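Read the structure below first, then the notes.
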Amino acid sequence: MPASSVLALVCVGCVALTVVLAVVGFRALSVARRVPRVRVPARELSSTYVGPGTFVDVEYPDPHGRPLRAHLFVWLVRAPGVPYTFDGTVWVDPANPADATPRRQGRTTRATLVLIVAAVTAAAALGTGVAALVVRLGESLPA
């Protein structure tokens, strides 16, 4: 089998993987953002800084006023309208008060990571596609 054919098959595989990962990632992102959340005041109990963010232990009230605790990871984000660190509130799913997150959009980290992998496979598809064309051109030249 010529090298250009192998590269073309790898390119097709990367395209298929990209499509599957993109669909899975966007669906997971949509599901995470559809969860209705309410903003609740929270008290920081402890925090531990790690490179891209901070692990924070917080205490916040459930709908009946009893304290609940959560261990959250707060990404350090530099964007307009987004608090740089823990801002003293958590976003809670009213149907499941134990589900607390530091940001309104909910649990989107896994979906975002899947979309990043989809972008990497898209770049791999582009690279192998270009390589397949170049190798095919080289194979077509007279020896």
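By order of appearance in the structure tokens: chains A, B, ..., then residues from 1 within every chain, and ligands from 1 in the order shown.
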Problem - Selection: 9 Å around Leu133 (chain A), only C-alpha atoms, excl. self and same-chain fewer than 6 positions, as number ranges by chain - result: A: 4, 7-8
Taking C-alpha atoms for each residue, export the selection above as a tab-separated table (two decimals), in the first residue's frame.
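What follows is the written file out.tsv:
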chain	number	residue	atom	x	y	z
A	4	SER	CA	-0.06	8.39	0.50
A	7	LEU	CA	-1.74	8.89	5.28
A	8	ALA	CA	-5.15	9.39	3.64
Exercise for the section: If you run DSSP over the backbone, which residues in chain A end up alpha helix (DSSP H)? Put them as a PyMOL selection string. Expected result: chain A and resi 3-34+109-140
Exercise for the section: Find the spatial neighbours of Val6 (chain A), counting only C-alpha atoms, within a cut-off of 9 Å - ignore same-chain residues fewer than 5 positions away - and output them as number ranges by chain. Expected result: A: 1, 11, 132
Only N, CA, C and O atoms, please: the residues just picked out, written as a PDB file, in the first residue's frame.
ATOM      1  N   MET A   1       0.860  -1.174   0.000  1.00  0.00           N
ATOM      2  CA  MET A   1       0.000   0.000   0.000  1.00  0.00           C
ATOM      3  C   MET A   1       0.904   1.235   0.000  1.00  0.00           C
ATOM      4  O   MET A   1       1.794   1.352   0.835  1.00  0.00           O
ATOM      5  N   CYS A  11      -5.854  10.272   7.904  1.00  0.00           N
ATOM      6  CA  CYS A  11      -6.594  11.538   7.847  1.00  0.00           C
ATOM      7  C   CYS A  11      -8.096  11.301   8.008  1.00  0.00           C
ATOM      8  O   CYS A  11      -8.760  12.000   8.779  1.00  0.00           O
ATOM      9  N   ALA A 132      -0.513  13.678   3.037  1.00  0.00           N
ATOM     10  CA  ALA A 132      -0.947  12.706   2.032  1.00  0.00           C
ATOM     11  C   ALA A 132      -0.889  13.316   0.626  1.00  0.00           C
ATOM     12  O   ALA A 132      -0.457  12.654  -0.329  1.00  0.00           O
TER      13      ALA A 132
END
Practice task
Choose the residue, out of A:Phe26, A:Tyr49, A:Trp75, A:Tyr60, that has the smallest atom-to-atom separation from Gly88 (chain A); count only C-alpha atoms.
Solution key: A:Tyr60
Practice task
Among the residues of region 29-123 of chain A, find those DSSP assigns to strand (DSSP E) from the backbone and print them as an MDAnalysis selection string.
Solution key: chainID A and resid 38:41 43:50 53:61 67:75 89:93 96:101
Handout entry: Interatomic distance (Å, one decimal) between CA of Pro94 (chain A) and CA of His64 (chain A)
Key = 11.4 Å
Problem - Test item: residues at most 12 Å from Thr109 (chain A), only C-alpha atoms, excluding those fewer than 6 positions along its chain, as a PyMOL selection string - result: chain A and resi 25-26+28-29+32-33+73-75+101+103+115-116
Exercise for the section: Compile the contact shell of Arg136 (chain A) as a ChimeraX atom specification: residues with an atom at most 9 Å away, counting only C-alpha atoms, same-chain residues fewer than 5 positions apart removed. Expected result: /A:2-5,131,141
Exercise for the section: Would you work out the distance separating CA of Asp57 (chain A) from CA of Val114 (chain A), expressed in Å to one decimal? Expected result: 26.7 Å
